[in-house]
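K.L.:
Structure provided below as structure tokens; questions to follow.
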Amino acid sequence: MMDESTELSVSITQIVQRLKGTHLHSQLEKQAKECLHKPEIKLETLKDDVRRVLKASGWERKLQNAVYRELHVLPPPGHPRAPPEHTKEPLAYMLKAQASWEKRILKSLNSMCTELGIPLARKRPVMEQKELTNKWNEMGTDEPDLSNFRPVYAPKDFLEVLIGLRNPNTERSDDLTVKSHWGLIQVSLNVHDIPQMRETYAELGLSYGQLGIDDHTHVPPDLFESEHIHIGKKVVSEQDSAAAQQYSRQGCPTGLRAQLWSLILNTTNDPEDITHYEQLKARVIHHNLLVDNLIYKDVKLTASNDDYYFVFEDYLYQVLLCFSRDTAVLEHFNYNSASPPKSSIQSKSGSEQCAVVYPPNGVIPFHGFSMYVAPLCFLYNEPSKLYSVFREMYIRYFFRLHSISSHPSGIVSLCLQFERLLQAHLPQLFYHLREIGAQPLRIAFKWIVRAFSGYLSTDQLLLLWDRILGYNSLEIVAVLATAVFAFRAENLMEVTSLASAEAVLADLSTLKVMPLLQIFLFATSI
């Protein structure tokens with residue numbers, strides 16, 4: 001292992017390299033050069049004077065936010081002798097399982113392509129391009145025939161793969177306790193217990209004010225809310241990503257949430273962001289991809305049938321079609337256990353084939369994928385801004401929900417976390433459900449893989465996502481899934497089948513997220 005000072009210097013080098021060549025870097029250079037012509041800049045104190053001017057004009061803060069963003073996205077530096085794939089995933093069997101899963105997805109996509117006789121990509125005829133340009137803002141009115149298209153995979157298919165995961169280097173008797181055999185996840189990873197979580201999520205404690213809880217015995221709700229909004233406005237005016245992240249741990253006020261999330265994620269809607277979005281839009285108009293039909297199909301099957309999200313159908317098409325063309329998304333594969341899928345295309349001469357990443361962003365959508373975007377439509381009504389926020393949310397968090405890895409926010413850890421918490425605190429319930437063939441994870445998996453999007457009411461979902469951003473972790477999703485089972489435990493103890501257990505947990509739209517989390521984390525006896 002590297003010592004702390006070496007690790008820090010490696011991180012600094014990485015961040016400097018990543019920021020070089022960015023728009024921010026060129027802007028800073030330009031501003032620094034302009035500073036030299038100011039009369040208050042003295043040659044003998046040049047460095048300090050330039051820094052002072054950049055600080056006063058807000059550029060230092062922008063640089064701080066960019067560095068803070070990189071610290072959240074980059075994995076910690078590994079050992080200098082470790083192979084490159086170790087950065088993606090340190091456990092070989094996880095990498096192998098992910099590679100095998102990718103082959104399966106690509107095979108499914110290629111077989112659909114062959115069956116339907118549709119190319120993976122084609123240039124649109126000029127008339128079709130004009131048509132799409134004209135109806136860009138009302139794509140929901142277009143009804144292409146999607147009857148022959150099916151999702152490449154659904155969450156339940158992915159769950160079966162996770163259930164089959166095994167660590168070949170350990171004897172089962174040594175590796176796993178008898179209790180863990182109750183669950184479906186049969187690998188051992190370090191996940192937090194309740195005492196550790198109480199430490200991590202201290203700001204969710206009963207003595208803290210929270211947005212999303214109506215009755216505080218210690219702080220009148222109106223008083224807390226008005227003070228919290230006042231602080232929130234100050235955080236927004238300061239434009240400090242770190243402060244915004246800390247603030248969101250107690251919830252974001254509705255009127256400030258969009259600004260606070262943009263600040264935490266360090267997304268902007270500058271002219272270059274708008275230009276980038278327009279370039280992606282042009283790529284959608286010029287070329288048709290097979291995955292476009294998968295996106296249309298997914299929106300029709302999910303968001304279009306949702307009482308909260310059907311009105312955003314056009315936004316969803318715009319954002320997701322542009323997302324599929326964005327090669328900037330490929331960068332997240334540097335720290336993702338997955339690798340971008342490749343497909344063979346013929347060269348212009350037609351004599352040889354070459355492998356290219358397909359789709360261009362390296363992400364094949366699955367059933368429910370559009371629900372990662374849908375809640376964001378409540379916050380951002382400018383497509384380019386909505387796009388920037390979604391892309392950042394995806395490359396920080398959402399990709400972990402459909403990649404096999406040992407990361408603490410990865411889907412395997414979240415499933416194991418859920419099962420361990422439920423076994424530890426409601427062992428009778430867990431045992432009962434297991435005995436009647438209603439393994440709790442089979443019910444909760446669909447909530448976890450979508451971070452509860454489409455299951456909670458939107459106001460409650462946004463309160464949950466506040467905390468994902470605030471703690472920079474998806475772990476809270478697994479905690480909430482456990483808390484839901486704890487809340488409905490009495491009814492679940494009376495069910496006799498998987499179908500009846502699912503019926504008890506079919507409607508989560510009336511649940512209040514924050515009281516559930518607080519009661520489970522801080523009122524549960526250990």
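Within each chain, counting starts at residue 1; across the structure tokens, chains are named A, B, ... in the order shown, with ligands numbered 1 upward in that order.
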Quick one: everything within 9 Å of Leu95 (chain A), counting only C-alpha atoms, minus sequence neighbours fewer than 6 positions away in the same chain. Send it as a VMD selection string.

P.N.:
chain A and resid 85 88 to 89 337 to 338 404 to 405

K.L.:
Running DSSP on the backbone, which parts of region 84-190 of chain A land in alpha helix (DSSP H), as a PyMOL selection string?

P.N.:
chain A and resi 85-88+92-116+126-134+155-163+172-175

K.L.:
Let's see if you can do this: from backbone DSSP, list all strand (DSSP E or B) residues in region 271-383 of chain A, as a list of chain:residue names.

P.N.:
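The strand (DSSP E or B) residues within region 271-383 of chain A come out as A:His287, A:Asn288, A:Leu289, A:Lys342, A:Ser343, A:Ser344, A:Ile345, A:Gln346, A:Gln353, A:Cys354, A:Ala355, A:Val356, A:Val357.
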
K.L.:
Just the residues within 8 Å of Lys281 (chain A), please, counting only C-alpha atoms, with nothing from its chain fewer than 3 positions along; format it as a ChimeraX atom specification.

P.N.:
/A:277-278,284-285,318,321-322

K.L.:
Restricting the output to all heavy atoms, write the selected residues as an mmCIF file, in the first residue's frame.

P.N.:
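Contents of result_10.cif, as written:
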```
data_model
loop_
_atom_site.group_PDB
_atom_site.id
_atom_site.type_symbol
_atom_site.label_atom_id
_atom_site.label_comp_id
_atom_site.auth_asym_id
_atom_site.auth_seq_id
_atom_site.Cartn_x
_atom_site.Cartn_y
_atom_site.Cartn_z
ATOM 1 N N TYR A 277 -24.653 19.830 -26.216
ATOM 2 C CA TYR A 277 -25.980 19.219 -26.316
ATOM 3 C C TYR A 277 -26.519 19.314 -27.748
ATOM 4 O O TYR A 277 -27.075 18.342 -28.282
ATOM 5 C CB TYR A 277 -26.939 19.890 -25.332
ATOM 6 C CG TYR A 277 -28.358 19.398 -25.440
ATOM 7 C CD1 TYR A 277 -28.731 18.163 -24.897
ATOM 8 C CD2 TYR A 277 -29.330 20.142 -26.109
ATOM 9 C CE1 TYR A 277 -30.039 17.702 -25.020
ATOM 10 C CE2 TYR A 277 -30.634 19.691 -26.233
ATOM 11 C CZ TYR A 277 -30.974 18.461 -25.694
ATOM 12 O OH TYR A 277 -32.271 17.992 -25.820
ATOM 13 N N GLU A 278 -26.333 20.464 -28.374
ATOM 14 C CA GLU A 278 -26.805 20.656 -29.757
ATOM 15 C C GLU A 278 -26.072 19.730 -30.731
ATOM 16 O O GLU A 278 -26.658 19.235 -31.695
ATOM 17 C CB GLU A 278 -26.642 22.123 -30.184
ATOM 18 C CG GLU A 278 -27.603 23.088 -29.497
ATOM 19 C CD GLU A 278 -29.071 22.783 -29.769
ATOM 20 O OE1 GLU A 278 -29.392 22.363 -30.895
ATOM 21 O OE2 GLU A 278 -29.898 22.955 -28.845
ATOM 22 N N VAL A 284 -28.189 12.647 -33.355
ATOM 23 C CA VAL A 284 -29.451 11.881 -33.305
ATOM 24 C C VAL A 284 -30.198 12.072 -34.626
ATOM 25 O O VAL A 284 -30.714 11.112 -35.209
ATOM 26 C CB VAL A 284 -30.340 12.342 -32.120
ATOM 27 C CG1 VAL A 284 -31.694 11.629 -32.158
ATOM 28 C CG2 VAL A 284 -29.653 12.088 -30.781
ATOM 29 N N ILE A 285 -30.247 13.307 -35.103
ATOM 30 C CA ILE A 285 -30.996 13.618 -36.324
ATOM 31 C C ILE A 285 -30.351 12.977 -37.558
ATOM 32 O O ILE A 285 -31.033 12.493 -38.451
ATOM 33 C CB ILE A 285 -31.146 15.154 -36.475
ATOM 34 C CG1 ILE A 285 -32.167 15.651 -35.439
ATOM 35 C CG2 ILE A 285 -31.578 15.545 -37.886
ATOM 36 C CD1 ILE A 285 -32.160 17.136 -35.177
ATOM 37 N N GLN A 318 -35.556 13.066 -25.726
ATOM 38 C CA GLN A 318 -34.463 13.977 -26.087
ATOM 39 C C GLN A 318 -33.189 13.658 -25.309
ATOM 40 O O GLN A 318 -32.114 13.504 -25.892
ATOM 41 C CB GLN A 318 -34.892 15.428 -25.805
ATOM 42 C CG GLN A 318 -35.975 15.942 -26.746
ATOM 43 C CD GLN A 318 -36.568 17.260 -26.264
ATOM 44 O OE1 GLN A 318 -36.048 17.900 -25.361
ATOM 45 N NE2 GLN A 318 -37.680 17.655 -26.869
ATOM 46 N N LEU A 321 -31.803 9.877 -26.042
ATOM 47 C CA LEU A 321 -31.244 9.711 -27.389
ATOM 48 C C LEU A 321 -29.903 10.446 -27.502
ATOM 49 O O LEU A 321 -28.949 9.931 -28.086
ATOM 50 C CB LEU A 321 -32.221 10.226 -28.451
ATOM 51 C CG LEU A 321 -33.505 9.401 -28.636
ATOM 52 C CD1 LEU A 321 -34.477 10.109 -29.566
ATOM 53 C CD2 LEU A 321 -33.210 8.004 -29.163
ATOM 54 N N CYS A 322 -29.821 11.630 -26.906
ATOM 55 C CA CYS A 322 -28.544 12.364 -26.907
ATOM 56 C C CYS A 322 -27.501 11.622 -26.068
ATOM 57 O O CYS A 322 -26.334 11.527 -26.461
ATOM 58 C CB CYS A 322 -28.743 13.784 -26.360
ATOM 59 S SG CYS A 322 -29.583 14.881 -27.521
#
```

K.L.:
Give me the residues of region 234-313 of chain A that have any atom at most 9 Å from an atom of region 138-158 of chain A; for each, the nearest atom pair and the distance in Å, rounded to one decimal. Use only C-alpha atoms, sort by chain and number, and format it as JSON lines.

P.N.:
```
{"residue": "A:Asn293", "atom": "CA", "partner": "A:Leu146", "partner_atom": "CA", "distance": 7.0}
{"residue": "A:Leu294", "atom": "CA", "partner": "A:Pro151", "partner_atom": "CA", "distance": 6.3}
{"residue": "A:Ile295", "atom": "CA", "partner": "A:Pro151", "partner_atom": "CA", "distance": 8.9}
{"residue": "A:Tyr296", "atom": "CA", "partner": "A:Leu146", "partner_atom": "CA", "distance": 7.9}
{"residue": "A:Lys297", "atom": "CA", "partner": "A:Leu146", "partner_atom": "CA", "distance": 6.4}
{"residue": "A:Asp298", "atom": "CA", "partner": "A:Pro151", "partner_atom": "CA", "distance": 7.2}
{"residue": "A:Phe312", "atom": "CA", "partner": "A:Gly140", "partner_atom": "CA", "distance": 9.0}
{"residue": "A:Glu313", "atom": "CA", "partner": "A:Gly140", "partner_atom": "CA", "distance": 5.8}
```

K.L.:
Measure the distance from CA of Leu320 (chain A) to CA of Pro125 (chain A) in Å and round it to one decimal.

P.N.:
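Separating CA of Leu320 (chain A) from CA of Pro125 (chain A) is a distance of 21.7 Å.
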
K.L.:
List every residue of region 359-463 of chain A that has an atom at most 9 Å from any atom of region 507-511 of chain A, giving for each one its closest atom pair and the distance in Å to one decimal, counting only C-alpha atoms, sorted by chain and then by ascending residue number, as a tab-separated table.

P.N.:
```
residue	atom	partner	partner_atom	distance
A:Gly454	CA	A:Ser509	CA	8.9
A:Tyr455	CA	A:Leu508	CA	5.8
A:Leu456	CA	A:Ser509	CA	4.7
A:Ser457	CA	A:Ser509	CA	4.9
A:Thr458	CA	A:Ser509	CA	8.7
A:Gln460	CA	A:Leu511	CA	7.9
```

K.L.:
Just want the 12 Å neighbourhood of Met197 (chain A), counted on only C-alpha atoms, with same-chain residues fewer than 3 positions away dropped. Output as a list in words.

P.N.:
Val191, His192, Asp193, Ile194, Thr200, Tyr201, Ala202, Glu203, Leu204, Gly205, Gln417, Leu421, Tyr471, Glu475, Ile476, Ala478, Val479, Leu517, Gln518, Phe520, Leu521 and Phe522 of chain A

K.L.:
Could you name the residues that touch Trp136 (chain A) at 9 Å or less, counting only C-alpha atoms, but leaving out those on the same chain fewer than 4 positions away, as a count of residues only?

P.N.:
4
